[in-house]
Structures are given as structure tokens and as C-alpha cells.
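Shown here: data11.cif, mmCIF, C-alpha atoms.
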data_run
#
loop_
_atom_site.label_atom_id
_atom_site.label_comp_id
_atom_site.auth_asym_id
_atom_site.auth_seq_id
_atom_site.Cartn_x
_atom_site.Cartn_y
_atom_site.Cartn_z
CA MET A 1 0.00 0.00 0.00
CA ASN A 2 1.47 3.34 -1.08
CA PRO A 3 1.72 6.28 1.33
CA PHE A 4 -1.36 8.03 -0.10
CA ASN A 5 -3.52 4.93 0.28
CA LYS A 6 -2.29 4.50 3.85
CA ARG A 7 -3.11 8.12 4.69
CA THR A 8 -6.51 7.76 3.03
CA ALA A 9 -7.25 4.56 4.93
CA TRP A 10 -6.26 6.17 8.24
CA ARG A 11 -8.29 9.30 7.60
CA ILE A 12 -11.42 7.50 6.42
CA GLY A 13 -11.07 5.08 9.33
CA ALA A 14 -10.69 7.95 11.78
CA VAL A 15 -13.70 9.81 10.36
CA SER A 16 -15.77 6.61 10.39
CA LEU A 17 -14.86 5.91 14.01
CA LEU A 18 -15.63 9.52 14.94
CA LEU A 19 -19.02 9.29 13.23
CA ALA A 20 -19.71 5.99 14.95
CA PHE A 21 -18.66 7.50 18.28
CA LEU A 22 -20.93 10.52 17.79
CA ALA A 23 -23.86 8.84 16.04
CA SER A 24 -24.14 5.75 18.23
CA PRO A 25 -24.97 7.62 21.49
CA LEU A 26 -27.40 9.81 19.54
CA ALA A 27 -29.05 6.73 18.04
CA TRP A 28 -29.21 5.15 21.49
CA PHE A 29 -30.86 8.26 22.93
CA VAL A 30 -33.38 8.58 20.07
CA ALA A 31 -34.26 4.88 20.17
CA ARG A 32 -34.72 5.04 23.94
CA GLU A 33 -36.95 8.10 23.62
CA LYS A 34 -39.00 6.40 20.90
CA ALA A 35 -39.41 3.29 23.03
CA GLU A 36 -40.43 5.42 25.98
CA GLU A 37 -42.94 7.34 23.88
CA SER A 38 -44.33 4.08 22.48
CA THR A 39 -44.84 2.76 26.01
CA VAL A 40 -46.59 5.98 27.04
CA SER A 41 -48.75 6.02 23.90
CA LEU A 42 -49.85 2.45 24.55
CA ALA A 43 -50.72 3.28 28.16
CA ILE A 44 -52.68 6.38 27.10
CA GLU A 45 -54.59 4.55 24.36
CA GLU A 46 -55.49 1.68 26.67
CA SER A 47 -56.57 4.06 29.44
CA GLN A 48 -58.79 6.00 27.05
CA ARG A 49 -60.31 2.79 25.70
CA LEU A 50 -61.11 1.47 29.17
CA LEU A 51 -62.42 4.82 30.35
CA GLY A 52 -64.69 4.99 27.36
CA HIS A 53 -65.83 1.43 27.94
CA PHE A 54 -66.87 2.26 31.51
CA GLY A 55 -68.59 5.46 30.46
CA ALA A 56 -66.19 7.56 32.49
CA ILE A 57 -65.42 9.91 29.65
CA ALA A 58 -68.86 11.46 30.00
CA LEU A 59 -68.33 11.78 33.76
CA SER A 60 -71.90 12.94 34.15
CA GLY A 61 -75.14 11.40 35.21
CA PRO A 62 -76.08 9.39 38.29
CA ASP A 63 -73.66 6.52 37.50
CA ALA A 64 -70.61 8.64 36.65
CA ALA A 65 -68.90 8.16 40.03
CA ALA A 66 -69.45 4.39 39.95
CA HIS A 67 -68.08 4.19 36.41
CA ALA A 68 -65.07 6.26 37.37
CA ASN A 69 -64.33 3.97 40.35
CA ASP A 70 -64.68 0.86 38.21
CA ALA A 71 -62.40 2.29 35.56
CA ALA A 72 -59.78 3.32 38.13
CA LYS A 73 -59.79 -0.16 39.68
CA THR A 74 -59.39 -1.79 36.26
CA LEU A 75 -56.54 0.52 35.26
CA THR A 76 -54.74 -0.01 38.56
CA GLY A 77 -52.69 -3.16 38.73
CA GLY A 78 -52.63 -3.63 34.98
CA LEU A 79 -51.25 -0.63 33.20
CA PHE A 80 -50.83 1.70 36.15
CA ASP A 81 -49.82 1.64 39.79
CA ILE A 82 -51.82 4.81 40.48
CA ALA A 83 -54.99 5.83 38.62
CA GLU A 84 -56.79 9.10 39.31
CA ILE A 85 -59.93 10.37 37.55
CA TYR A 86 -61.13 14.00 37.78
CA ASP A 87 -64.30 15.67 36.52
CA GLY A 88 -64.36 18.63 34.17
CA GLN A 89 -63.84 21.09 37.03
CA GLY A 90 -60.75 19.25 38.22
CA GLN A 91 -62.42 17.62 41.22
CA LYS A 92 -61.11 14.13 41.98
CA MET A 93 -63.83 11.52 41.42
CA ALA A 94 -61.87 8.28 41.89
CA GLU A 95 -58.40 7.10 42.91
CA GLU A 96 -56.94 3.62 43.08
CA MET A 97 -53.38 2.42 43.64
CA THR A 98 -51.35 -0.72 44.15
CA ALA A 99 -49.11 -1.32 47.13
CA GLU A 100 -46.20 0.06 45.09
CA GLY A 101 -48.38 2.99 44.08
CA LEU A 102 -49.13 3.67 47.75
CA HIS A 103 -45.39 3.91 48.36
CA LEU A 104 -44.99 6.25 45.36
CA GLU A 105 -47.78 8.52 46.61
CA GLY A 106 -45.51 9.91 49.28
CA ILE A 107 -42.68 10.54 46.81
CA LEU A 108 -44.42 12.17 43.87
CA ILE A 109 -45.08 15.90 43.80
CA HIS A 110 -48.79 16.77 43.80
CA HIS A 111 -50.15 19.59 41.71
CA ALA A 112 -53.15 21.90 41.67
CA ARG A 113 -56.40 21.08 39.93
CA PRO A 114 -55.76 19.90 36.35
CA THR A 115 -56.48 22.44 33.64
CA TYR A 116 -54.30 21.17 30.78
CA ARG A 117 -55.74 20.66 27.30
CA ALA A 118 -53.13 18.38 25.73
CA THR A 119 -51.90 14.89 26.58
CA SER A 120 -48.42 14.83 28.11
CA TYR A 121 -46.17 12.72 30.28
CA GLU A 122 -43.23 12.88 32.65
CA SER A 123 -40.36 10.44 32.85
CA LEU A 124 -38.95 10.24 36.36
CA LYS A 125 -36.06 8.35 37.85
CA LEU A 126 -36.46 7.74 41.57
CA PRO A 127 -33.53 7.82 44.01
CA ASP A 128 -33.74 4.02 44.37
CA GLY A 129 -33.24 3.59 40.62
CA ARG A 130 -36.82 2.82 39.64
CA TRP A 131 -38.15 4.36 36.45
CA VAL A 132 -41.61 5.96 36.66
CA LEU A 133 -43.84 7.25 33.86
CA ARG A 134 -46.57 9.72 34.75
CA VAL A 135 -49.27 10.45 32.13
CA PHE A 136 -51.77 13.33 31.97
CA VAL A 137 -54.80 12.78 29.69
CA PRO A 138 -57.66 15.27 29.16
CA LEU A 139 -60.92 13.38 28.51
CA ARG A 140 -63.20 14.53 25.69
CA ILE A 141 -66.41 13.26 24.20
CA GLY A 142 -65.25 14.20 20.70
CA ASP A 143 -62.00 13.28 18.95
CA THR A 144 -60.75 16.78 18.10
CA PRO A 145 -58.56 19.06 20.24
CA GLN A 146 -61.41 21.59 20.21
CA SER A 147 -63.89 19.16 21.80
CA GLU A 148 -65.16 19.98 25.28
CA ILE A 149 -63.05 18.55 28.12
CA THR A 150 -65.31 16.55 30.47
CA GLY A 151 -62.63 15.26 32.84
CA TYR A 152 -59.02 14.24 33.36
CA PHE A 153 -57.14 11.00 33.87
CA GLU A 154 -53.74 10.81 35.52
CA GLY A 155 -51.82 7.59 35.83
CA VAL A 156 -48.49 6.57 37.29
CA ARG A 157 -46.67 3.49 36.05
CA VAL A 158 -43.51 1.98 37.47
CA VAL A 159 -41.80 0.50 34.42
CA PRO A 160 -40.93 -3.14 35.27
CA GLU A 161 -37.30 -4.17 35.04
CA TRP A 162 -37.90 -6.58 32.15
CA GLN A 163 -39.54 -3.84 30.06
CA ARG A 164 -36.86 -1.35 30.99
CA GLN A 165 -34.16 -3.82 30.00
CA GLN A 166 -35.97 -4.56 26.74
CA MET A 167 -36.08 -0.87 25.87
CA LEU A 168 -32.43 -0.42 26.74
CA ASP A 169 -31.48 -3.48 24.66
CA SER A 170 -33.42 -2.14 21.69
CA ALA A 171 -31.73 1.24 22.03
CA LEU A 172 -28.33 -0.43 22.28
CA SER A 173 -29.04 -2.51 19.18
CA ALA A 174 -29.95 0.63 17.25
CA ALA A 175 -26.77 2.34 18.45
CA LEU A 176 -24.62 -0.63 17.41
CA MET A 177 -26.28 -0.78 14.01
CA VAL A 178 -25.64 2.93 13.43
CA GLY A 179 -22.01 2.53 14.52
CA PHE A 180 -21.56 -0.50 12.27
CA ALA A 181 -23.19 1.36 9.37
CA SER A 182 -20.74 4.24 9.83
CA LEU A 183 -17.77 1.87 9.72
CA LEU A 184 -19.24 -0.04 6.76
CA CYS A 185 -19.78 3.23 4.92
CA GLY A 186 -16.14 4.16 5.48
CA ALA A 187 -15.02 0.76 4.18
CA ALA A 188 -17.20 1.19 1.09
CA ILE A 189 -15.97 4.73 0.42
CA TYR A 190 -12.26 3.86 0.69
CA PRO A 191 -11.87 1.99 -2.66
CA VAL A 192 -13.92 4.68 -4.42
CA VAL A 193 -11.69 7.45 -3.06
CA VAL A 194 -8.55 5.49 -3.93
CA ARG A 195 -9.75 4.89 -7.48
CA LEU A 196 -10.76 8.52 -8.02
CA SER A 197 -7.45 9.65 -6.54
CA ALA A 198 -5.54 7.28 -8.81
CA ASP A 199 -7.40 8.65 -11.85
CA ASN A 200 -6.71 12.23 -10.77
CA GLU A 201 -3.07 11.43 -10.09
CA ARG A 202 -2.73 9.77 -13.49
CA LYS A 203 -4.25 12.77 -15.24
CA ALA A 204 -2.13 15.16 -13.19
CA ARG A 205 0.98 13.22 -14.17
CA GLU A 206 -0.01 13.34 -17.82
CA VAL A 207 -0.45 17.11 -17.60
CA LEU A 208 2.83 17.46 -15.70
CA ASP A 209 4.64 15.26 -18.22
CA SER A 210 3.35 17.46 -21.03
CA HIS A 211 4.51 20.59 -19.15
CA ILE A 212 7.97 19.16 -18.60
CA SER A 213 8.18 18.06 -22.23
CA MET A 214 7.25 21.60 -23.27
CA MET A 215 9.89 22.97 -20.90
CA GLU A 216 12.52 20.71 -22.44
CA ALA A 217 11.41 21.68 -25.96
CA LEU A 218 11.77 25.36 -25.10
CA GLY A 219 15.18 24.68 -23.55
CA ARG A 220 16.37 22.86 -26.66
CA ALA A 221 15.06 25.65 -28.87
CA ILE A 222 17.03 28.20 -26.83
CA ALA A 223 20.16 26.03 -26.97
CA LYS A 224 19.94 25.65 -30.75
CA ARG A 225 19.65 29.42 -31.22
CA ASP A 226 22.63 29.98 -28.93
CA SER A 227 24.86 27.39 -30.68
CA ASP A 228 24.80 25.25 -27.54
CA THR A 229 24.22 21.53 -27.15
CA GLY A 230 21.64 22.15 -24.42
CA VAL A 231 23.60 20.29 -21.76
CA HIS A 232 24.13 23.58 -19.89
CA ASN A 233 20.39 23.89 -19.15
CA TYR A 234 20.25 20.40 -17.65
CA ARG A 235 23.44 20.85 -15.65
CA VAL A 236 22.68 24.29 -14.24
CA ALA A 237 19.12 23.31 -13.26
CA TRP A 238 20.45 20.21 -11.48
CA ILE A 239 23.17 22.19 -9.63
CA ALA A 240 20.66 24.85 -8.56
CA ALA A 241 18.31 22.15 -7.25
CA ARG A 242 21.13 20.55 -5.26
CA ILE A 243 21.92 23.88 -3.57
CA ALA A 244 18.24 24.68 -2.99
CA GLU A 245 17.68 21.34 -1.26
CA LYS A 246 20.24 22.33 1.36
CA LEU A 247 18.47 25.67 1.78
CA GLY A 248 15.15 23.97 2.47
CA PHE A 249 13.36 24.46 -0.84
CA ARG A 250 10.39 22.11 -1.20
CA GLY A 251 7.23 21.78 -3.24
CA THR A 252 6.32 24.67 -5.52
CA SER A 253 9.36 26.75 -4.57
CA MET A 254 11.66 23.95 -5.75
CA GLN A 255 9.59 23.33 -8.87
CA SER A 256 9.71 27.01 -9.77
CA LEU A 257 13.49 27.07 -9.28
CA ILE A 258 14.01 24.05 -11.57
CA ILE A 259 11.78 25.48 -14.31
CA GLY A 260 13.32 28.92 -14.01
CA SER A 261 16.88 27.53 -14.10
CA PHE A 262 16.14 25.42 -17.17
CA LEU A 263 14.51 28.35 -19.00
CA HIS A 264 16.67 31.17 -17.66
CA ASP A 265 17.68 32.30 -21.16
CA VAL A 266 14.29 31.79 -22.84
CA GLY A 267 14.27 35.48 -23.81
CA LYS A 268 17.22 34.91 -26.17
CA ILE A 269 14.68 33.58 -28.66
CA GLY A 270 13.89 37.23 -29.39
CA ILE A 271 17.48 38.37 -29.87
CA PRO A 272 18.63 38.83 -33.53
CA ASP A 273 21.10 36.22 -34.78
CA ALA A 274 23.61 38.91 -35.71
CA ILE A 275 23.95 39.77 -32.04
CA LEU A 276 23.25 36.38 -30.44
CA LEU A 277 25.72 34.51 -32.65
CA LYS A 278 28.35 37.21 -33.03
CA PRO A 279 31.76 35.56 -32.42
CA GLY A 280 33.46 38.67 -31.11
CA LYS A 281 32.75 41.11 -28.33
CA LEU A 282 29.49 43.04 -28.49
CA ASP A 283 29.60 46.81 -28.70
CA ASP A 284 27.56 48.95 -26.31
CA ASP A 285 24.47 49.12 -28.53
CA GLU A 286 24.58 45.39 -29.21
CA PHE A 287 25.02 44.59 -25.52
CA ALA A 288 22.03 46.82 -24.70
CA ILE A 289 19.94 44.74 -27.09
CA MET A 290 21.36 41.52 -25.65
CA LYS A 291 20.32 42.58 -22.16
CA THR A 292 16.71 42.80 -23.32
CA HIS A 293 16.59 38.99 -23.31
CA VAL A 294 15.73 39.27 -19.61
CA SER A 295 12.61 41.39 -20.15
CA GLN A 296 11.63 39.29 -23.16
CA GLY A 297 12.01 36.17 -21.04
CA GLU A 298 9.77 37.67 -18.37
CA GLU A 299 7.11 38.37 -20.99
CA ILE A 300 7.27 34.76 -22.19
CA VAL A 301 6.88 33.09 -18.80
CA THR A 302 4.48 35.58 -17.19
CA GLY A 303 0.82 34.66 -17.34
CA ILE A 304 1.38 31.05 -18.38
CA GLY A 305 0.19 29.28 -15.22
CA TRP A 306 2.84 26.61 -14.64
CA LEU A 307 5.63 28.90 -15.99
CA ASP A 308 4.80 31.84 -13.72
CA GLY A 309 7.05 30.49 -10.98
CA ALA A 310 10.06 30.67 -13.30
CA ASN A 311 9.89 34.45 -13.24
CA ASP A 312 12.18 34.89 -10.21
CA VAL A 313 15.11 33.23 -11.96
CA VAL A 314 14.34 34.53 -15.47
CA SER A 315 14.09 38.14 -14.27
CA GLY A 316 16.94 38.05 -11.74
CA HIS A 317 19.62 35.73 -13.10
CA HIS A 318 21.86 38.65 -14.15
CA GLU A 319 21.48 40.65 -10.94
CA LYS A 320 24.51 40.82 -8.63
CA TRP A 321 24.79 40.86 -4.86
CA ASN A 322 26.41 44.34 -4.88
CA GLY A 323 23.75 45.86 -7.16
CA ALA A 324 25.95 46.04 -10.26
CA GLY A 325 23.82 43.61 -12.29
CA TYR A 326 20.92 44.17 -14.67
CA PRO A 327 18.16 44.93 -15.56
CA ARG A 328 16.97 46.44 -12.25
CA ARG A 329 20.28 46.73 -10.37
CA LEU A 330 18.83 44.89 -7.40
CA LYS A 331 21.19 44.19 -4.52
CA ALA A 332 21.49 41.73 -1.64
CA ASP A 333 18.14 40.42 -0.37
CA GLU A 334 16.24 42.44 -2.98
CA ILE A 335 17.26 39.70 -5.40
CA PRO A 336 14.96 36.64 -5.14
CA LEU A 337 16.73 33.77 -3.38
CA ALA A 338 16.09 31.48 -6.35
CA ALA A 339 17.99 33.91 -8.60
CA ARG A 340 20.88 34.14 -6.12
CA ILE A 341 21.13 30.34 -6.04
CA PHE A 342 21.02 30.18 -9.82
CA ALA A 343 23.79 32.78 -10.20
CA VAL A 344 26.24 30.51 -8.34
CA ALA A 345 25.15 27.43 -10.28
CA ASP A 346 25.28 29.24 -13.64
CA VAL A 347 28.75 30.70 -13.28
CA PHE A 348 30.20 27.49 -11.79
CA ASP A 349 28.88 25.43 -14.67
CA ALA A 350 30.00 27.95 -17.28
CA LEU A 351 33.53 27.91 -15.87
CA CYS A 352 33.71 24.10 -15.63
CA SER A 353 32.15 23.33 -19.04
CA LYS A 354 33.75 23.03 -22.44
CA ARG A 355 32.53 25.61 -24.91
CA PRO A 356 33.41 26.17 -28.59
CA TYR A 357 35.55 29.14 -27.56
CA LYS A 358 37.21 27.65 -24.44
CA GLU A 359 38.30 24.52 -22.61
CA PRO A 360 36.75 23.55 -19.24
CA MET A 361 38.36 25.10 -16.19
CA GLY A 362 39.66 22.95 -13.34
CA PHE A 363 37.87 22.77 -10.02
CA ASP A 364 40.33 24.87 -8.02
CA ALA A 365 40.50 27.62 -10.64
CA ALA A 366 36.71 27.79 -10.94
CA MET A 367 36.27 27.93 -7.18
CA ALA A 368 38.92 30.65 -6.90
CA ILE A 369 36.87 32.86 -9.22
CA LEU A 370 33.67 32.20 -7.28
CA GLU A 371 35.40 32.92 -3.98
CA LYS A 372 36.83 36.17 -5.37
CA ASP A 373 33.36 37.32 -6.44
CA THR A 374 31.58 36.28 -3.25
CA GLY A 375 30.10 39.38 -1.67
CA SER A 376 30.13 41.25 -4.98
CA HIS A 377 28.47 38.93 -7.52
CA PHE A 378 27.37 36.09 -5.26
CA ASP A 379 25.38 35.86 -2.05
CA PRO A 380 27.83 34.78 0.71
CA SER A 381 25.16 32.63 2.41
CA VAL A 382 24.51 30.71 -0.82
CA MET A 383 28.25 30.22 -1.31
CA ALA A 384 28.51 28.91 2.25
CA VAL A 385 26.02 26.18 1.34
CA PHE A 386 27.55 25.48 -2.08
CA ARG A 387 31.17 25.31 -0.96
CA PRO A 388 31.02 21.90 0.85
CA MET A 389 29.22 20.21 -2.05
CA ALA A 390 31.08 21.85 -4.92
CA ARG A 391 33.70 19.08 -5.31
CA ASP A 392 31.10 16.33 -5.50
CA ILE A 393 29.10 18.29 -8.08
CA PHE A 394 32.22 18.91 -10.13
CA ASP A 395 33.17 15.22 -10.13
CA GLN A 396 29.69 14.09 -11.18
CA LEU A 397 29.47 16.56 -14.06
CA ALA A 398 33.05 16.39 -15.36
CA GLY A 399 32.85 15.53 -19.03
CA CYS A 400 29.28 14.29 -18.78
CA SER A 401 27.12 13.92 -21.87
CA GLU A 402 23.81 15.64 -22.49
CA GLU A 403 22.04 12.29 -21.90
CA PHE A 404 23.70 11.87 -18.49
CA ALA A 405 22.92 15.45 -17.45
CA SER A 406 19.35 14.98 -18.65
CA GLN A 407 19.02 11.85 -16.51
CA LEU A 408 20.36 13.66 -13.44
CA LEU A 409 17.79 16.42 -13.86
CA GLU A 410 15.02 13.93 -14.63
CA ASP A 411 15.66 12.24 -11.28
CA GLN A 412 15.39 15.62 -9.56
CA VAL A 413 12.18 16.46 -11.45
CA ARG A 414 10.55 13.13 -10.58
CA HIS A 415 11.43 13.59 -6.94
CA HIS A 416 10.32 17.20 -6.56
CA PHE A 417 7.36 17.11 -8.95
CA GLY A 418 6.00 13.87 -7.49
CA ILE A 419 6.09 11.92 -10.76
#

Is it possible to express this structure as C-alpha cells?
Amino acid sequence: MNPFNKRTAWRIGAVSLLLAFLASPLAWFVAREKAEESTVSLAIEESQRLLGHFGAIALSGPDAAAHANDAAKTLTGGLFDIAEIYDGQGQKMAEEMTAEGLHLEGILIHHARPTYRATSYESLKLPDGRWVLRVFVPLRIGDTPQSEITGYFEGVRVVPEWQRQQMLDSALSAALMVGFASLLCGAAIYPVVVRLSADNERKAREVLDSHISMMEALGRAIAKRDSDTGVHNYRVAWIAARIAEKLGFRGTSMQSLIIGSFLHDVGKIGIPDAILLKPGKLDDDEFAIMKTHVSQGEEIVTGIGWLDGANDVVSGHHEKWNGAGYPRRLKADEIPLAARIFAVADVFDALCSKRPYKEPMGFDAAMAILEKDTGSHFDPSVMAVFRPMARDIFDQLAGCSEEFASQLLEDQVRHHFGI
């Protein structure tokens, strides 16, 4: 399993567990409330049915009191431990209770005459752990809430342990099912996320491959115009990346440095051949035109999404630490760090490479020039990082072919671009 899949599995697993942890108690609470409400609804329905059967709902006439007493006796010991029936004015007409109800009578809080218009209940937990349901039912002749209230029924039921345990077991089962569903959902989502991620990664790599191919094509086009083999672009980009790694460059900052280093001279495409390919020294007017390759390079890379990051190197690769460079005569920290890194890599490679007009310089001679220009051309802090690795870089690149340099840079690109 690759690192992304592991991270995905851990994250989906963590979210699933969190959902299970949060949803299960909620499901338990809701299921328990539903079970409690079902028990109360059953008790209310049965009480109303029995009261209607005994004629107590009318609670009027010469037999009303007898009917109320009969109904209270029937309700007590079956559904309720205490049964109280009141007339329409809230006067108690009948009361019956079991032995347990007699004990509860001294515990429960009594209230004033009933005047409520809607059915309700209370769920009470006694100090000894018993669970008590107390229902309040207005009695009507009609079935609508607007019907005249002719009396009231109040009942108290001690929920037996077996019923209480049954309700708790049902609530627990619901909670477990919700928790299991959360985990199952996470397990089902994981392969979908992995597949979608793999598709996105594949497409991203295809786009990135096309970008890098375009970068290499531009680099080769620049090299051909400049009578170069193109190996310089590969070498200098690789050297700059090596230095930047030591300076903590990662992610987009490293990617921008590599692209900028490879395309640092892209603006030379706009320089006339008579000046670009002139074998001798350029005069002042020609050199002024040559210097415009920086601004032309900026115009090329600016506004093209993935090339935008190259701008720091393209615009600043001829600036100098002491402010004597061009085109903006930036100095010290005004120069982007990527450009300061590139300046060291560019000059070192130019000194150590064979060119049509010169032989490669030895390591000690090249380093002597860089040391002499440290603090004027080069950032001393960048040189401090480059100095310990310079010999190893020199040995790896000595006499290397374009194919070898290309492979070195390709390894860097794959590492830092995540290919």
C-alpha cells in the first residue's frame, strides 16, 4: 500500500470511528426516547379505551362516580400503579393504587387542579433507581382538540425491570447498528476514493509530463539558437536544485526554481542572430539589445500558469549581490533567493564546461573565481552552502554527456514534482 492509500485509509477510518462514536450515542438516545414514547402512547390509548368502555369519559349522570371507580380499579394493577380520575372542574372523582403505588404517593409531587388541554407525560427516575412514567390525559367526548373537556385521567406506572431492560437493549441494538453502518460506509468509500485519486493522479501526471516536455522543448530551442548543445540547461538546473535542497526548498518553490533555471535564457529567442551569434565582443548598442533577453524572457513566462514560478530566476539571473547587475540593479536580499542560487550554479557550470571558444576550467580555478566574487556577484550565504558540495558536483558533471545530465535532472524532477 502506497503512502497516499495509507493516509486515506487512516483518515477515512478515523472519520468513520468519529461518526460511529458521535452517532451511536445519539441513536441510542433517540431509540430510547422512541421506546419510551411508544410505552406511554400504549398506556394512554389503553386508558382511554377502558375509560370509554366504563362510560367515564362522559363523567356525568347518576352513574358517573361508579363508572369512574370501576375504571380506576381496572386501570390499577394492569397498566398503572396509580390511577386518578377527575371531573371537568378538576375535582377528583376516583383514585386507586397498588401497594407500590401507595409507596410512590408519598414521593411524587402533587399539583393543583388539572387544567391542561393536551396529553403529556413525565419520565422520572427515583432515588432508588426505579423508572416511573406519569401520564396526563384530558378526557373529551369528541376526537378533536377543540372538543369539550369533560374530565381528566392521571396515571403513574412503574416500568418493570424486564420492560426497561428490553427498551435499553433495543436502544443499544440501534446504536450498534448505526455505529456498524458508519464503519461499513467508510469501508465502502475507501476503494472509491482510492480509485478517483488514482485517476486524478494519473491525469495530473499526464499534464505534468506534457509541461515538462514543453519545458525541455523550449530549452532545446534556446540552446539551438545559442549554438549550444543544451547540456548547460540540464546541468545548471540540477546544480541549482542541489543547492536549494540544502536551503530547504520544497514543493512549488523547488519546482519554480528548476523550471526557471532550465529556461533562464528563454528570452534569447527574441534576440537577432547577428547579435546572439556574433563571435566577437558586443559593442555597447549590441550589448544593450542583448540585455533585453531578460525582459523578453519575463514576458514569455508571465501569465502562463505553470511557468509563472520561473519568473524569479528569469528576471533576476543577471542581478549581482552588490547591485551592479541588470536589468533592475537589485542588490542583496532584494534579489529573489532562487535567482541568487542560480547565479552561483550558472557561473560554476560555465567555468567548468567546455565551450566552442574555451576549454573547461579545473575545479580549483573555478572555485577561486567564485570565492573572489563572493560578496560582490554572489550571495555569501549561498556560497557557504555550495562550498562543501562543490567538489562532489564537479566530479559528477566532469565531461558528462547531455544524456547523463538529462538523466540527473530527470531524477530531480521526478522527486520534486511527485512523478

Please evaluate the PyMOL selection byres ((chain A and resi 151) around 6) against the displayed coordinates and give the resulting residues as a ChimeraX atom specification. /A:86-88,139,149-150,152

One number please: atom CA of A:Gln89 to atom CA of A:Tyr116, in Å, one decimal.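 Spanning atom CA of A:Gln89 to atom CA of A:Tyr116 is a straight-line distance of 11.4 Å.
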
Residues within 12 Å of (-53.3, 22.5, 27.6), file coordinates, counting all atoms listed in the file: what are they? Give the list as a PyMOL selection string. chain A and resi 114-120+136-139+145-146+149+152

Report the closest atom pair, with its distance in Å rounded to one decimal, for each residue of stretch 129-220 of chain A that has an atom no farther than 10 Å from stretch 63-79 of chain A; count only C-alpha atoms, sort by chain and then rising residue number, and write it as CSV.
residue,atom,partner,partner_atom,distance
A:Phe153,CA,A:Ala72,CA,9.2
A:Glu154,CA,A:Ala72,CA,10.0
A:Gly155,CA,A:Leu75,CA,8.5
A:Val156,CA,A:Leu79,CA,8.7
A:Arg157,CA,A:Leu79,CA,6.8
A:Val158,CA,A:Leu79,CA,9.2
A:Val159,CA,A:Leu79,CA,9.6

Quick check, in Å to one decimal: how far apart do atom CA of A:Arg195 and atom CA of A:Gly251 lie?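 Atom CA of A:Gly251 lies at a distance of 24.3 Å from atom CA of A:Arg195.
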
Atom CA of A:Glu96 and atom CA of A:Glu84, how far apart in Å?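 Atom-to-atom, atom CA of A:Glu84 to atom CA of A:Glu96, that is 6.7 Å.
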
The PyMOL selection byres ((chain A and resi 258) around 12) applied to the shown file, residues as a PyMOL selection string: chain A and resi 212+215-216+233-245+249-257+259-264+306-307+309-314+338-339+341-342+345+409-417

Give me the result of the PyMOL selection byres ((chain A and resi 390-401) around 12) on this file, residue by residue, as a PyMOL selection string. chain A and resi 229-232+234-236+238-243+344-345+348-355+359-364+366-368+370-371+382-389+402-409

Nearest to A:Ile222: which of A:Lys246, A:His293, A:Arg202, A:Lys125 is it, counting all atoms listed in the file?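 When distances to A:Ile222 are compared using all atoms listed in the file, the smallest one comes from A:His293.
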
Hey, what's within 12 Å of A:Leu126 if we count only C-alpha atoms and toss same-chain stuff fewer than 4 positions away? As a PDB file with C-alpha atoms, in the frame of the given file, please?
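For reference, out-v8.pdb as written:
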ATOM      1  CA  HIS A 103     -45.390   3.910  48.360  1.00  0.00           C
ATOM      2  CA  LEU A 104     -44.990   6.250  45.360  1.00  0.00           C
ATOM      3  CA  ILE A 107     -42.680  10.540  46.810  1.00  0.00           C
ATOM      4  CA  LEU A 108     -44.420  12.170  43.870  1.00  0.00           C
ATOM      5  CA  ARG A 130     -36.820   2.820  39.640  1.00  0.00           C
ATOM      6  CA  TRP A 131     -38.150   4.360  36.450  1.00  0.00           C
ATOM      7  CA  VAL A 132     -41.610   5.960  36.660  1.00  0.00           C
ATOM      8  CA  LEU A 133     -43.840   7.250  33.860  1.00  0.00           C
ATOM      9  CA  VAL A 158     -43.510   1.980  37.470  1.00  0.00           C
ATOM     10  CA  VAL A 159     -41.800   0.500  34.420  1.00  0.00           C
TER      11      VAL A 159
END
